[in-house]
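Chemist: Supplied structure: query19.cif, mmCIF, C-alpha atoms.
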```cif
data_data
#
loop_
_atom_site.group_PDB
_atom_site.id
_atom_site.type_symbol
_atom_site.label_atom_id
_atom_site.label_comp_id
_atom_site.auth_asym_id
_atom_site.auth_seq_id
_atom_site.Cartn_x
_atom_site.Cartn_y
_atom_site.Cartn_z
ATOM 1 C CA MET A 25 -10.304 -24.863 20.702
ATOM 2 C CA ALA A 26 -10.301 -26.800 17.448
ATOM 3 C CA SER A 27 -7.202 -25.327 15.836
ATOM 4 C CA THR A 28 -5.132 -27.551 13.544
ATOM 5 C CA ALA A 29 -2.266 -27.374 16.027
ATOM 6 C CA THR A 30 -4.559 -28.860 18.685
ATOM 7 C CA LEU A 31 -5.554 -31.664 16.359
ATOM 8 C CA HIS A 32 -1.892 -32.570 15.843
ATOM 9 C CA ASP A 33 -1.105 -32.395 19.529
ATOM 10 C CA PRO A 34 -3.944 -33.640 21.708
ATOM 11 C CA GLN A 35 -1.967 -32.900 24.873
ATOM 12 C CA GLY A 36 -1.701 -29.257 23.863
ATOM 13 C CA ASP A 37 1.350 -27.021 24.060
ATOM 14 C CA ALA A 38 2.275 -23.357 24.291
ATOM 15 C CA HIS A 39 1.294 -22.715 20.693
ATOM 16 C CA SER A 40 -2.173 -24.225 20.866
ATOM 17 C CA ALA A 41 -2.759 -22.494 24.192
ATOM 18 C CA HIS A 42 -2.275 -19.146 22.439
ATOM 19 C CA GLY A 43 -4.408 -20.082 19.467
ATOM 20 C CA VAL A 44 -1.572 -20.530 16.955
ATOM 21 C CA THR A 45 -2.360 -22.751 13.995
ATOM 22 C CA ASN A 46 -0.170 -24.519 11.460
ATOM 23 C CA THR A 47 -0.265 -21.337 9.353
ATOM 24 C CA GLY A 48 1.964 -19.773 11.997
ATOM 25 C CA LEU A 49 -0.730 -17.210 12.749
ATOM 26 C CA SER A 50 -3.147 -16.938 15.630
ATOM 27 C CA ASN A 51 -6.800 -17.690 14.924
ATOM 28 C CA GLU A 52 -7.840 -14.307 16.310
ATOM 29 C CA LYS A 53 -5.579 -12.333 13.969
ATOM 30 C CA LEU A 54 -6.593 -14.428 10.977
ATOM 31 C CA ALA A 55 -10.253 -13.916 11.905
ATOM 32 C CA MET A 56 -9.819 -10.149 12.170
ATOM 33 C CA TRP A 57 -8.168 -9.931 8.737
ATOM 34 C CA THR A 58 -10.940 -12.104 7.252
ATOM 35 C CA PHE A 59 -13.522 -9.828 8.869
ATOM 36 C CA LEU A 60 -11.767 -6.732 7.483
ATOM 37 C CA GLY A 61 -11.714 -8.293 4.004
ATOM 38 C CA SER A 62 -15.480 -8.803 4.249
ATOM 39 C CA GLU A 63 -15.930 -5.236 5.525
ATOM 40 C CA CYS A 64 -14.446 -4.016 2.215
ATOM 41 C CA LEU A 65 -17.522 -5.497 0.539
ATOM 42 C CA LEU A 66 -19.878 -3.857 3.041
ATOM 43 C CA PHE A 67 -18.411 -0.375 2.621
ATOM 44 C CA GLY A 68 -18.061 -0.960 -1.133
ATOM 45 C CA ALA A 69 -21.835 -1.516 -1.276
ATOM 46 C CA LEU A 70 -22.562 1.664 0.712
ATOM 47 C CA ILE A 71 -20.164 3.801 -1.360
ATOM 48 C CA SER A 72 -21.592 2.382 -4.615
ATOM 49 C CA THR A 73 -25.133 3.200 -3.480
ATOM 50 C CA TYR A 74 -24.110 6.792 -2.814
ATOM 51 C CA PHE A 75 -22.432 6.980 -6.253
ATOM 52 C CA LEU A 76 -25.585 5.642 -7.841
ATOM 53 C CA TYR A 77 -27.870 8.258 -6.300
ATOM 54 C CA ARG A 78 -25.792 11.391 -5.850
ATOM 55 C CA GLY A 79 -26.160 12.659 -9.417
ATOM 56 C CA LYS A 80 -29.739 11.557 -9.917
ATOM 57 C CA THR A 81 -31.487 13.458 -7.168
ATOM 58 C CA LEU A 82 -34.111 15.840 -8.537
ATOM 59 C CA SER A 83 -35.625 17.348 -5.387
ATOM 60 C CA GLY A 84 -34.440 18.794 -2.097
ATOM 61 C CA VAL A 85 -30.983 19.765 -0.877
ATOM 62 C CA LYS A 86 -28.174 17.593 -2.208
ATOM 63 C CA PRO A 87 -25.377 16.548 0.194
ATOM 64 C CA GLN A 88 -22.642 18.048 -2.019
ATOM 65 C CA GLU A 89 -24.301 21.487 -1.732
ATOM 66 C CA LEU A 90 -23.767 21.458 2.043
ATOM 67 C CA TYR A 91 -20.270 20.010 2.421
ATOM 68 C CA ASP A 92 -17.933 22.101 4.545
ATOM 69 C CA ILE A 93 -14.580 20.925 3.188
ATOM 70 C CA PRO A 94 -12.291 22.773 5.668
ATOM 71 C CA TYR A 95 -14.301 21.349 8.582
ATOM 72 C CA THR A 96 -14.297 17.785 7.195
ATOM 73 C CA SER A 97 -10.579 18.096 6.383
ATOM 74 C CA VAL A 98 -9.839 18.770 10.051
ATOM 75 C CA SER A 99 -11.989 15.759 11.051
ATOM 76 C CA SER A 100 -10.120 13.597 8.554
ATOM 77 C CA PHE A 101 -6.790 14.814 9.907
ATOM 78 C CA VAL A 102 -7.906 13.987 13.464
ATOM 79 C CA LEU A 103 -8.854 10.419 12.478
ATOM 80 C CA LEU A 104 -5.603 10.003 10.533
ATOM 81 C CA MET A 105 -3.565 11.045 13.571
ATOM 82 C CA SER A 106 -5.518 8.603 15.748
ATOM 83 C CA SER A 107 -3.933 5.838 13.673
ATOM 84 C CA LEU A 108 -0.527 7.145 14.744
ATOM 85 C CA THR A 109 -1.473 7.134 18.446
ATOM 86 C CA MET A 110 -2.912 3.610 18.027
ATOM 87 C CA VAL A 111 0.297 2.241 16.566
ATOM 88 C CA LEU A 112 2.279 3.985 19.331
ATOM 89 C CA ALA A 113 0.051 2.205 21.891
ATOM 90 C CA LEU A 114 0.980 -1.116 20.272
ATOM 91 C CA ALA A 115 4.686 -0.236 20.345
ATOM 92 C CA ALA A 116 4.320 0.677 24.054
ATOM 93 C CA ILE A 117 2.747 -2.655 25.093
ATOM 94 C CA GLN A 118 5.282 -4.609 23.029
ATOM 95 C CA ARG A 119 8.110 -3.103 25.090
ATOM 96 C CA GLY A 120 6.106 -3.488 28.341
ATOM 97 C CA ASP A 121 5.489 0.223 28.951
ATOM 98 C CA GLN A 122 2.039 0.133 30.584
ATOM 99 C CA ARG A 123 1.874 3.851 31.385
ATOM 100 C CA ARG A 124 2.473 4.917 27.775
ATOM 101 C CA LEU A 125 0.125 2.196 26.551
ATOM 102 C CA ARG A 126 -2.684 3.769 28.593
ATOM 103 C CA VAL A 127 -1.745 7.296 27.479
ATOM 104 C CA TRP A 128 -1.812 6.352 23.776
ATOM 105 C CA LEU A 129 -5.007 4.296 24.119
ATOM 106 C CA LEU A 130 -6.751 7.246 25.767
ATOM 107 C CA ALA A 131 -5.350 9.636 23.154
ATOM 108 C CA THR A 132 -6.682 7.395 20.373
ATOM 109 C CA ALA A 133 -10.111 7.154 22.031
ATOM 110 C CA PHE A 134 -10.152 10.937 22.511
ATOM 111 C CA LEU A 135 -9.280 11.586 18.847
ATOM 112 C CA GLY A 136 -11.942 9.076 17.778
ATOM 113 C CA ALA A 137 -14.503 10.756 20.043
ATOM 114 C CA SER A 138 -13.554 14.143 18.552
ATOM 115 C CA PHE A 139 -14.197 12.725 15.086
ATOM 116 C CA ILE A 140 -17.615 11.435 16.184
ATOM 117 C CA ALA A 141 -18.464 14.761 17.823
ATOM 118 C CA GLY A 142 -17.564 16.437 14.525
ATOM 119 C CA GLN A 143 -19.819 14.059 12.650
ATOM 120 C CA VAL A 144 -22.724 14.692 15.021
ATOM 121 C CA TYR A 145 -22.243 18.450 14.509
ATOM 122 C CA GLU A 146 -22.108 17.977 10.726
ATOM 123 C CA PHE A 147 -25.299 15.891 10.700
ATOM 124 C CA THR A 148 -27.055 18.435 12.936
ATOM 125 C CA SER A 149 -26.113 21.345 10.681
ATOM 126 C CA PHE A 150 -27.177 19.408 7.567
ATOM 127 C CA ILE A 151 -30.566 18.643 9.122
ATOM 128 C CA ARG A 152 -30.919 22.320 10.074
ATOM 129 C CA GLU A 153 -30.260 23.187 6.411
ATOM 130 C CA GLY A 154 -33.153 20.923 5.418
ATOM 131 C CA MET A 155 -31.347 17.715 4.413
ATOM 132 C CA THR A 156 -32.761 14.818 6.399
ATOM 133 C CA MET A 157 -32.538 11.074 5.852
ATOM 134 C CA LYS A 158 -35.832 11.237 3.906
ATOM 135 C CA THR A 159 -35.124 14.323 1.768
ATOM 136 C CA ASN A 160 -33.950 12.383 -1.287
ATOM 137 C CA PRO A 161 -32.145 9.121 -2.186
ATOM 138 C CA ALA A 162 -28.744 10.906 -2.182
ATOM 139 C CA SER A 163 -29.215 12.226 1.358
ATOM 140 C CA SER A 164 -30.399 8.802 2.495
ATOM 141 C CA ALA A 165 -27.314 7.138 0.955
ATOM 142 C CA PHE A 166 -25.040 9.813 2.469
ATOM 143 C CA TYR A 167 -26.368 9.395 6.019
ATOM 144 C CA THR A 168 -26.313 5.587 5.723
ATOM 145 C CA LEU A 169 -22.698 5.530 4.519
ATOM 146 C CA THR A 170 -21.227 8.080 6.928
ATOM 147 C CA GLY A 171 -23.484 6.886 9.767
ATOM 148 C CA PHE A 172 -22.313 3.290 9.331
ATOM 149 C CA HIS A 173 -18.727 4.504 9.423
ATOM 150 C CA GLY A 174 -19.496 6.508 12.566
ATOM 151 C CA VAL A 175 -20.923 3.395 14.255
ATOM 152 C CA HIS A 176 -17.693 1.542 13.411
ATOM 153 C CA VAL A 177 -15.615 4.334 14.968
ATOM 154 C CA THR A 178 -17.848 4.292 18.064
ATOM 155 C CA LEU A 179 -17.357 0.519 18.457
ATOM 156 C CA GLY A 180 -13.620 1.105 18.104
ATOM 157 C CA ILE A 181 -13.732 3.662 20.933
ATOM 158 C CA VAL A 182 -15.522 1.104 23.148
ATOM 159 C CA MET A 183 -12.748 -1.428 22.348
ATOM 160 C CA LEU A 184 -10.033 1.104 23.182
ATOM 161 C CA LEU A 185 -11.605 2.069 26.501
ATOM 162 C CA SER A 186 -12.019 -1.636 27.375
ATOM 163 C CA LEU A 187 -8.307 -2.180 26.677
ATOM 164 C CA TRP A 188 -7.452 0.880 28.775
ATOM 165 C CA ASN A 189 -9.524 -0.544 31.632
ATOM 166 C CA LEU A 190 -7.841 -3.964 31.325
ATOM 167 C CA SER A 191 -4.414 -2.325 31.415
ATOM 168 C CA LEU A 192 -5.407 -0.280 34.463
ATOM 169 C CA ARG A 193 -6.377 -3.509 36.280
ATOM 170 C CA GLY A 194 -3.075 -5.151 35.313
ATOM 171 C CA LYS A 195 -4.704 -7.655 32.960
ATOM 172 C CA LEU A 196 -2.992 -6.504 29.760
ATOM 173 C CA GLY A 197 0.654 -7.470 30.009
ATOM 174 C CA PRO A 198 3.178 -7.594 27.126
ATOM 175 C CA GLU A 199 2.290 -11.273 26.566
ATOM 176 C CA ARG A 200 -1.182 -10.103 25.475
ATOM 177 C CA SER A 201 0.052 -7.479 23.028
ATOM 178 C CA GLU A 202 -1.757 -9.263 20.206
ATOM 179 C CA VAL A 203 -5.087 -8.151 21.718
ATOM 180 C CA VAL A 204 -4.002 -4.531 21.235
ATOM 181 C CA GLU A 205 -2.702 -5.357 17.756
ATOM 182 C CA ILE A 206 -6.066 -6.846 16.724
ATOM 183 C CA ALA A 207 -8.023 -3.860 18.097
ATOM 184 C CA GLY A 208 -5.505 -1.670 16.272
ATOM 185 C CA LEU A 209 -6.192 -3.459 12.973
ATOM 186 C CA TYR A 210 -9.875 -2.651 13.346
ATOM 187 C CA TRP A 211 -9.081 0.972 14.207
ATOM 188 C CA HIS A 212 -6.727 1.438 11.240
ATOM 189 C CA PHE A 213 -9.355 -0.104 8.981
ATOM 190 C CA VAL A 214 -11.965 2.500 9.930
ATOM 191 C CA ASP A 215 -9.283 5.084 9.194
ATOM 192 C CA VAL A 216 -8.567 3.731 5.687
ATOM 193 C CA VAL A 217 -12.304 3.568 4.968
ATOM 194 C CA TRP A 218 -12.545 7.253 5.880
ATOM 195 C CA ILE A 219 -9.569 8.024 3.582
ATOM 196 C CA VAL A 220 -11.665 6.609 0.728
ATOM 197 C CA ILE A 221 -14.914 8.306 1.834
ATOM 198 C CA PHE A 222 -13.241 11.701 2.281
ATOM 199 C CA THR A 223 -11.736 11.656 -1.204
ATOM 200 C CA ILE A 224 -14.466 10.156 -3.334
ATOM 201 C CA ILE A 225 -17.512 11.492 -1.480
ATOM 202 C CA TYR A 226 -16.356 14.920 -0.293
ATOM 203 C CA LEU A 227 -13.513 16.010 -2.597
ATOM 204 C CA ILE A 228 -14.668 14.610 -5.940
ATOM 205 C CA PRO A 229 -17.874 16.320 -7.080
ATOM 206 C CA SER A 230 -20.677 14.541 -8.920
ATOM 207 C CA MET B 294 9.847 -31.378 19.378
ATOM 208 C CA SER B 295 6.142 -32.133 19.243
ATOM 209 C CA LYS B 296 4.378 -32.768 15.964
ATOM 210 C CA ALA B 297 2.331 -29.613 16.537
ATOM 211 C CA THR B 298 5.498 -27.511 16.840
ATOM 212 C CA ILE B 299 6.869 -28.970 13.595
ATOM 213 C CA GLU B 300 3.573 -28.230 11.852
ATOM 214 C CA HIS B 301 3.610 -24.709 13.265
ATOM 215 C CA ASP B 302 7.173 -24.084 12.052
ATOM 216 C CA LYS B 303 6.290 -25.353 8.573
ATOM 217 C CA GLY B 304 3.263 -23.081 8.562
ATOM 218 C CA ALA B 305 5.283 -20.097 9.692
ATOM 219 C CA ALA B 306 7.744 -20.677 6.863
ATOM 220 C CA ALA B 307 4.890 -20.919 4.369
ATOM 221 C CA ALA B 308 3.352 -17.765 5.780
ATOM 222 C CA GLY B 309 6.563 -15.800 5.230
ATOM 223 C CA ASP B 310 9.000 -14.313 7.688
ATOM 224 C CA HIS B 311 7.498 -12.004 10.267
ATOM 225 C CA GLY B 312 9.878 -9.047 10.212
ATOM 226 C CA ALA B 313 10.440 -6.775 13.193
ATOM 227 C CA HIS B 314 8.024 -3.857 13.505
ATOM 228 C CA PRO B 315 9.380 -0.347 12.782
ATOM 229 C CA THR B 316 10.459 2.184 15.391
ATOM 230 C CA GLU B 317 8.269 4.968 16.807
ATOM 231 C CA ALA B 318 10.249 7.574 14.835
ATOM 232 C CA PHE B 319 9.385 5.692 11.647
ATOM 233 C CA TYR B 320 5.668 5.717 12.529
ATOM 234 C CA ILE B 321 5.821 9.475 13.135
ATOM 235 C CA LYS B 322 7.472 9.964 9.714
ATOM 236 C CA ILE B 323 4.667 7.971 8.069
ATOM 237 C CA ALA B 324 2.046 10.075 9.897
ATOM 238 C CA LEU B 325 3.749 13.279 8.696
ATOM 239 C CA ILE B 326 3.703 12.035 5.100
ATOM 240 C CA LEU B 327 -0.008 11.169 5.482
ATOM 241 C CA ALA B 328 -0.710 14.658 6.858
ATOM 242 C CA VAL B 329 1.152 16.288 3.951
ATOM 243 C CA VAL B 330 -0.726 14.185 1.369
ATOM 244 C CA THR B 331 -4.054 15.104 3.033
ATOM 245 C CA GLY B 332 -3.081 18.773 2.878
ATOM 246 C CA ALA B 333 -2.190 18.363 -0.812
ATOM 247 C CA GLU B 334 -5.575 16.747 -1.482
ATOM 248 C CA VAL B 335 -7.454 19.651 0.090
ATOM 249 C CA ALA B 336 -5.223 22.189 -1.702
ATOM 250 C CA LEU B 337 -5.905 20.468 -5.035
ATOM 251 C CA TYR B 338 -9.643 20.651 -4.328
ATOM 252 C CA TYR B 339 -9.369 24.449 -3.930
ATOM 253 C CA ILE B 340 -6.748 25.290 -6.565
ATOM 254 C CA ASP B 341 -8.636 24.064 -9.608
ATOM 255 C CA PRO B 342 -12.210 23.107 -10.372
ATOM 256 C CA PRO B 343 -11.848 19.308 -10.412
ATOM 257 C CA ASP B 344 -11.499 17.915 -13.942
ATOM 258 C CA ALA B 345 -10.589 14.392 -15.047
ATOM 259 C CA ALA B 346 -6.866 14.967 -14.394
ATOM 260 C CA ASN B 347 -7.427 16.366 -10.897
ATOM 261 C CA ILE B 348 -9.833 13.562 -10.033
ATOM 262 C CA SER B 349 -7.195 11.031 -11.113
ATOM 263 C CA ILE B 350 -4.580 12.735 -8.918
ATOM 264 C CA LEU B 351 -7.005 12.769 -5.953
ATOM 265 C CA LEU B 352 -7.673 9.041 -6.420
ATOM 266 C CA VAL B 353 -3.952 8.279 -6.606
ATOM 267 C CA MET B 354 -3.305 10.290 -3.421
ATOM 268 C CA ALA B 355 -6.116 8.437 -1.609
ATOM 269 C CA ALA B 356 -4.676 5.113 -2.802
ATOM 270 C CA VAL B 357 -1.206 6.119 -1.536
ATOM 271 C CA LYS B 358 -2.625 7.021 1.891
ATOM 272 C CA PHE B 359 -4.628 3.784 2.019
ATOM 273 C CA ALA B 360 -1.561 1.723 1.079
ATOM 274 C CA MET B 361 0.681 3.474 3.615
ATOM 275 C CA VAL B 362 -1.720 2.923 6.524
ATOM 276 C CA ALA B 363 -2.272 -0.731 5.526
ATOM 277 C CA ALA B 364 1.429 -1.423 4.914
ATOM 278 C CA TYR B 365 2.996 0.320 7.898
ATOM 279 C CA PHE B 366 0.366 0.951 10.595
ATOM 280 C CA MET B 367 -1.447 -2.355 9.983
ATOM 281 C CA HIS B 368 1.934 -4.057 9.447
ATOM 282 C CA LEU B 369 0.930 -5.789 6.221
ATOM 283 C CA ARG B 370 4.402 -4.979 4.874
ATOM 284 C CA PHE B 371 6.025 -6.933 7.713
ATOM 285 C CA ASP B 372 3.401 -9.587 8.510
ATOM 286 C CA SER B 373 2.540 -12.859 6.843
ATOM 287 C CA ARG B 374 1.752 -13.000 3.138
ATOM 288 C CA ILE B 375 -1.402 -14.954 4.018
ATOM 289 C CA LEU B 376 -2.857 -11.888 5.774
ATOM 290 C CA ARG B 377 -1.963 -9.634 2.841
ATOM 291 C CA ARG B 378 -3.674 -11.997 0.398
ATOM 292 C CA LEU B 379 -6.706 -12.380 2.640
ATOM 293 C CA PHE B 380 -7.265 -8.623 2.869
ATOM 294 C CA LEU B 381 -6.447 -7.934 -0.782
ATOM 295 C CA SER B 382 -8.906 -10.642 -1.856
ATOM 296 C CA GLY B 383 -11.750 -8.797 -0.134
ATOM 297 C CA LEU B 384 -10.576 -5.408 -1.373
ATOM 298 C CA VAL B 385 -10.045 -6.423 -5.009
ATOM 299 C CA LEU B 386 -13.320 -8.369 -5.058
ATOM 300 C CA ALA B 387 -15.184 -5.327 -3.703
ATOM 301 C CA ILE B 388 -13.606 -2.991 -6.282
ATOM 302 C CA LEU B 389 -14.315 -5.340 -9.208
ATOM 303 C CA VAL B 390 -17.885 -6.151 -8.175
ATOM 304 C CA TYR B 391 -18.965 -2.580 -7.473
ATOM 305 C CA VAL B 392 -17.192 -0.960 -10.436
ATOM 306 C CA ALA B 393 -18.853 -3.549 -12.697
ATOM 307 C CA TYR B 394 -22.203 -2.902 -10.969
ATOM 308 C CA LEU B 395 -21.931 0.879 -11.354
ATOM 309 C CA MET B 396 -20.808 0.599 -14.986
ATOM 310 C CA THR B 397 -23.774 -1.657 -15.715
ATOM 311 C CA LEU B 398 -26.054 1.061 -14.349
ATOM 312 C CA GLY B 399 -24.284 3.725 -16.418
ATOM 313 C CA VAL B 400 -22.846 5.712 -13.502
ATOM 314 C CA PHE B 401 -19.414 6.268 -15.126
ATOM 315 C CA ILE B 402 -20.719 6.766 -18.662
#
```
Once you've parsed the file, please lay out its structure as structure tokens.
Modeler:
Amino acid sequence: MASTATLHDPQGDAHSAHGVTNTGLSNEKLAMWTFLGSECLLFGALISTYFLYRGKTLSGVKPQELYDIPYTSVSSFVLLMSSLTMVLALAAIQRGDQRRLRVWLLATAFLGASFIAGQVYEFTSFIREGMTMKTNPASSAFYTLTGFHGVHVTLGIVMLLSLWNLSLRGKLGPERSEVVEIAGLYWHFVDVVWIVIFTIIYLIPS
Amino acid sequence: MSKATIEHDKGAAAAGDHGAHPTEAFYIKIALILAVVTGAEVALYYIDPPDAANISILLVMAAVKFAMVAAYFMHLRFDSRILRRLFLSGLVLAILVYVAYLMTLGVFI
């Protein structure tokens, strides 16, 4: 590991062993926040593309004609509550409560999976109504944006189930709580992205 | 004390104090507030046909929810200032770049 702390102390110590640098922060946490900062630009590009095309579509079914706001509101609520269960999982590992850690991790993964199931149902019903990826530029931008978000949630579920498995095998003690914290940062980020998507794509008309 | 430890302590001071994380009851209160704001958003969507004022209120409510999740669930309120600046840099850059891009293409005009 080439952290600054390691450079100052070639013999290594407890800090360098855990990846702590002279910023007082671990490399992994710093990397995750940097990644999340860059993800703002990625989702900004996808949201902007949708904004650009949603009012300029001349043919075919437009996404805003098919939105089911009560249904999407429930999905949004489910994802919002998964952030609560995620933060409760972190609190559980920090106090060494492995059983509750596993319960909250599974609850978060379940809520995330429910959100994805809802999205699959929404996409299926939209396609049945005649709006496919190729119908018009607005539909293409809609599926790309929400699909990309869905892929992020799916990756988050894989992370959560991996953490659950590690905990089950006794490899996720309180000393490794930062691993859960970093996965939690990713999970909360996909939640805040959906907060933005739900408001400006679904609730605000073109 | 090793040189690395001294460097780490200096860095930690520069990064800001890492406060203790809130209690579970506090997290539940935040989640309840988020649920209420989401309900208010949906109610606003149905009560009036969205005009400029309603759109502004919806955007403010989304910003409040975003800020609450980032501050309390992601612990930006309690963690190092470096992390806050790192994330805000990406966020502010994205907002500026894409608003400028969309304005150039006449989306908001």
Chemist: Determine, using only C-alpha atoms, which residues of chain A have any atom at most 7 Å from an atom of chain B, and tabulate each with its shortest atom pair and distance in Å to one decimal place, rows ordered by chain and then rising number, as a tab-separated table.
Modeler:
```
residue	atom	partner	partner_atom	distance
A:Ala29	CA	B:Ala297	CA	5.1
A:His32	CA	B:Ala297	CA	5.2
A:Asp33	CA	B:Ala297	CA	5.3
A:Thr45	CA	B:His301	CA	6.3
A:Asn46	CA	B:His301	CA	4.2
A:Thr47	CA	B:Gly304	CA	4.0
A:Gly48	CA	B:Ala305	CA	4.1
A:Leu54	CA	B:Leu376	CA	6.9
A:Trp57	CA	B:Phe380	CA	6.1
A:Thr58	CA	B:Leu379	CA	6.3
A:Leu60	CA	B:Phe380	CA	6.7
A:Gly61	CA	B:Gly383	CA	4.2
A:Ser62	CA	B:Gly383	CA	5.8
A:Cys64	CA	B:Leu384	CA	5.5
A:Leu65	CA	B:Ala387	CA	4.8
A:Gly68	CA	B:Ala387	CA	5.8
A:Ala69	CA	B:Tyr391	CA	6.9
A:Ser72	CA	B:Tyr391	CA	6.3
A:Leu76	CA	B:Val400	CA	6.3
A:Phe101	CA	B:Ala328	CA	6.8
A:Met105	CA	B:Ala324	CA	6.8
A:Leu108	CA	B:Ala324	CA	6.2
A:Val111	CA	B:Phe366	CA	6.1
A:Leu112	CA	B:Glu317	CA	6.6
A:Leu209	CA	B:Met367	CA	5.7
A:His212	CA	B:Met367	CA	6.6
A:Val216	CA	B:Phe359	CA	5.4
A:Ile219	CA	B:Ala355	CA	6.2
A:Val220	CA	B:Ala355	CA	6.3
A:Thr223	CA	B:Ala355	CA	6.5
A:Leu227	CA	B:Tyr338	CA	6.3
A:Ile228	CA	B:Ile348	CA	6.4
```
Chemist: Under the PyMOL selection byres ((chain A and resi 176) around 12), which residues of this model are included? Write them out as number ranges by chain.
Modeler: A: 60, 63, 66-67, 136-137, 139-140, 169-175, 177-183, 210-215, 217-218
Chemist: If I take CA of Val330 (chain B) and CA of Ala115 (chain A), how far is one from the other in Å, to one decimal?
Modeler: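 For CA of Val330 (chain B) relative to CA of Ala115 (chain A), the distance reads 24.4 Å.
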Chemist: Running the PyMOL selection byres ((chain A and resi 114) around 9) on this model by hand, what would come out? Give it as a PyMOL selection string.
Modeler: chain A and resi 109-113+115-119+125+128-129+201-202+204-205+208
Chemist: So the first atom is CA of Phe134 (chain A) and the second is CA of Ala165 (chain A); what is the distance between them in Å, to one decimal place?
Modeler: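 Taking CA of Phe134 (chain A) and CA of Ala165 (chain A), their separation equals 27.8 Å.
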Chemist: Reconstruct region 374-385 of chain B at the level of N, CA and C atoms, and format the result as a PDB file, keeping the file's coordinate frame.
Modeler:
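Saved file rebuild.pdb follows:
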```
ATOM      1  N   ARG B 374       2.352 -13.183   4.472  1.00  0.00           N
ATOM      2  CA  ARG B 374       1.752 -13.000   3.138  1.00  0.00           C
ATOM      3  C   ARG B 374       0.295 -13.469   3.117  1.00  0.00           C
ATOM      4  N   ILE B 375      -0.024 -14.425   3.965  1.00  0.00           N
ATOM      5  CA  ILE B 375      -1.402 -14.954   4.018  1.00  0.00           C
ATOM      6  C   ILE B 375      -2.378 -13.816   4.362  1.00  0.00           C
ATOM      7  N   LEU B 376      -1.988 -12.989   5.346  1.00  0.00           N
ATOM      8  CA  LEU B 376      -2.857 -11.888   5.774  1.00  0.00           C
ATOM      9  C   LEU B 376      -3.034 -10.876   4.649  1.00  0.00           C
ATOM     10  N   ARG B 377      -1.912 -10.581   3.958  1.00  0.00           N
ATOM     11  CA  ARG B 377      -1.963  -9.634   2.841  1.00  0.00           C
ATOM     12  C   ARG B 377      -2.945 -10.138   1.774  1.00  0.00           C
ATOM     13  N   ARG B 378      -2.815 -11.419   1.453  1.00  0.00           N
ATOM     14  CA  ARG B 378      -3.674 -11.997   0.398  1.00  0.00           C
ATOM     15  C   ARG B 378      -5.136 -12.011   0.831  1.00  0.00           C
ATOM     16  N   LEU B 379      -5.339 -12.316   2.104  1.00  0.00           N
ATOM     17  CA  LEU B 379      -6.706 -12.380   2.640  1.00  0.00           C
ATOM     18  C   LEU B 379      -7.393 -11.020   2.508  1.00  0.00           C
ATOM     19  N   PHE B 380      -6.689  -9.968   2.911  1.00  0.00           N
ATOM     20  CA  PHE B 380      -7.265  -8.623   2.869  1.00  0.00           C
ATOM     21  C   PHE B 380      -7.418  -8.152   1.423  1.00  0.00           C
ATOM     22  N   LEU B 381      -6.377  -8.383   0.619  1.00  0.00           N
ATOM     23  CA  LEU B 381      -6.447  -7.934  -0.782  1.00  0.00           C
ATOM     24  C   LEU B 381      -7.552  -8.647  -1.546  1.00  0.00           C
ATOM     25  N   SER B 382      -7.822  -9.904  -1.194  1.00  0.00           N
ATOM     26  CA  SER B 382      -8.906 -10.642  -1.856  1.00  0.00           C
ATOM     27  C   SER B 382     -10.228  -9.904  -1.675  1.00  0.00           C
ATOM     28  N   GLY B 383     -10.510  -9.520  -0.417  1.00  0.00           N
ATOM     29  CA  GLY B 383     -11.750  -8.797  -0.134  1.00  0.00           C
ATOM     30  C   GLY B 383     -11.776  -7.452  -0.826  1.00  0.00           C
ATOM     31  N   LEU B 384     -10.651  -6.749  -0.789  1.00  0.00           N
ATOM     32  CA  LEU B 384     -10.576  -5.408  -1.373  1.00  0.00           C
ATOM     33  C   LEU B 384     -10.744  -5.445  -2.896  1.00  0.00           C
ATOM     34  N   VAL B 385      -9.988  -6.333  -3.543  1.00  0.00           N
ATOM     35  CA  VAL B 385     -10.045  -6.423  -5.009  1.00  0.00           C
ATOM     36  C   VAL B 385     -11.429  -6.902  -5.458  1.00  0.00           C
TER      37      VAL B 385
END
```
